[in-house]
Amino acid sequence: MLDVYGLVATEKIAALAAALAAGDHQKIVALVDDCDASGRDLVRLLADLQELVRTALLDAIAKGGRSELLAAARARA
């Protein structure tokens with residue numbers, strides 16, 4: 001199903017979020033290049049990444065400044 005719509009797997013989005021959080025520029029470029037080379041929808045990738053970060057931010061606000069969502073994303077990556 002991901003191939004039909006050009007979607008990126010949630011594991012790869014989590015890995016991208018983890019790379020962004022860590023400031024790992026080489027991994028960021030490698031992940032985006034891989035998505036582009038495999039014909040994924042990069043605009044949708046950005047929207048999905050934005051949703052993950054927004055959800056983690058709202059979770060952190062609700063919990064007084066700490067969210068486990070990005071930590072979980074890093075652990076999966």
# chains A, B, ... in the order shown; residues from 1 in each chain; ligands from 1
>>> residues_around(residues="stretch 34-44 of chain A", least_positions_apart="2", cutoff="7 Å", atoms="only C-alpha atoms", output="PyMOL selection string")
chain A and resi 6-8+30-32+46-48
>>> write_last_selection(atoms="N, CA, C and O atoms", output="PDB file, in the first residue's frame")
ATOM      1  N   GLY A   6       2.933   6.255  -2.515  1.00  0.00           N
ATOM      2  CA  GLY A   6       4.209   6.948  -2.341  1.00  0.00           C
ATOM      3  C   GLY A   6       4.474   7.370  -0.911  1.00  0.00           C
ATOM      4  O   GLY A   6       5.217   8.319  -0.665  1.00  0.00           O
ATOM      5  N   LEU A   7       3.864   6.652   0.042  1.00  0.00           N
ATOM      6  CA  LEU A   7       4.015   7.004   1.446  1.00  0.00           C
ATOM      7  C   LEU A   7       5.313   6.440   2.016  1.00  0.00           C
ATOM      8  O   LEU A   7       5.862   5.465   1.519  1.00  0.00           O
ATOM      9  N   VAL A   8       5.772   7.060   3.078  1.00  0.00           N
ATOM     10  CA  VAL A   8       6.984   6.629   3.761  1.00  0.00           C
ATOM     11  C   VAL A   8       6.569   5.876   5.016  1.00  0.00           C
ATOM     12  O   VAL A   8       5.655   6.296   5.732  1.00  0.00           O
ATOM     13  N   ALA A  30      20.828  11.146   3.783  1.00  0.00           N
ATOM     14  CA  ALA A  30      20.733   9.767   3.297  1.00  0.00           C
ATOM     15  C   ALA A  30      19.280   9.277   3.311  1.00  0.00           C
ATOM     16  O   ALA A  30      18.826   8.654   2.342  1.00  0.00           O
ATOM     17  N   LEU A  31      18.549   9.567   4.379  1.00  0.00           N
ATOM     18  CA  LEU A  31      17.157   9.129   4.466  1.00  0.00           C
ATOM     19  C   LEU A  31      16.286   9.811   3.417  1.00  0.00           C
ATOM     20  O   LEU A  31      15.468   9.158   2.760  1.00  0.00           O
ATOM     21  N   VAL A  32      16.470  11.111   3.255  1.00  0.00           N
ATOM     22  CA  VAL A  32      15.666  11.838   2.262  1.00  0.00           C
ATOM     23  C   VAL A  32      16.032  11.386   0.855  1.00  0.00           C
ATOM     24  O   VAL A  32      15.150  11.196   0.010  1.00  0.00           O
ATOM     25  N   LEU A  46       7.198  15.284   4.589  1.00  0.00           N
ATOM     26  CA  LEU A  46       7.328  16.473   5.427  1.00  0.00           C
ATOM     27  C   LEU A  46       6.092  16.664   6.299  1.00  0.00           C
ATOM     28  O   LEU A  46       6.208  16.975   7.492  1.00  0.00           O
ATOM     29  N   ALA A  47       4.913  16.444   5.746  1.00  0.00           N
ATOM     30  CA  ALA A  47       3.676  16.579   6.518  1.00  0.00           C
ATOM     31  C   ALA A  47       3.612  15.540   7.640  1.00  0.00           C
ATOM     32  O   ALA A  47       3.222  15.862   8.772  1.00  0.00           O
ATOM     33  N   ASP A  48       4.014  14.308   7.346  1.00  0.00           N
ATOM     34  CA  ASP A  48       4.013  13.259   8.366  1.00  0.00           C
ATOM     35  C   ASP A  48       5.040  13.550   9.460  1.00  0.00           C
ATOM     36  O   ASP A  48       4.777  13.331  10.643  1.00  0.00           O
TER      37      ASP A  48
END
>>> residues_around(residues="A:Ser67", least_positions_apart="5", cutoff="7 Å", atoms="only C-alpha atoms", output="list in words")
Ala56, Asp59 and Ala60 of chain A
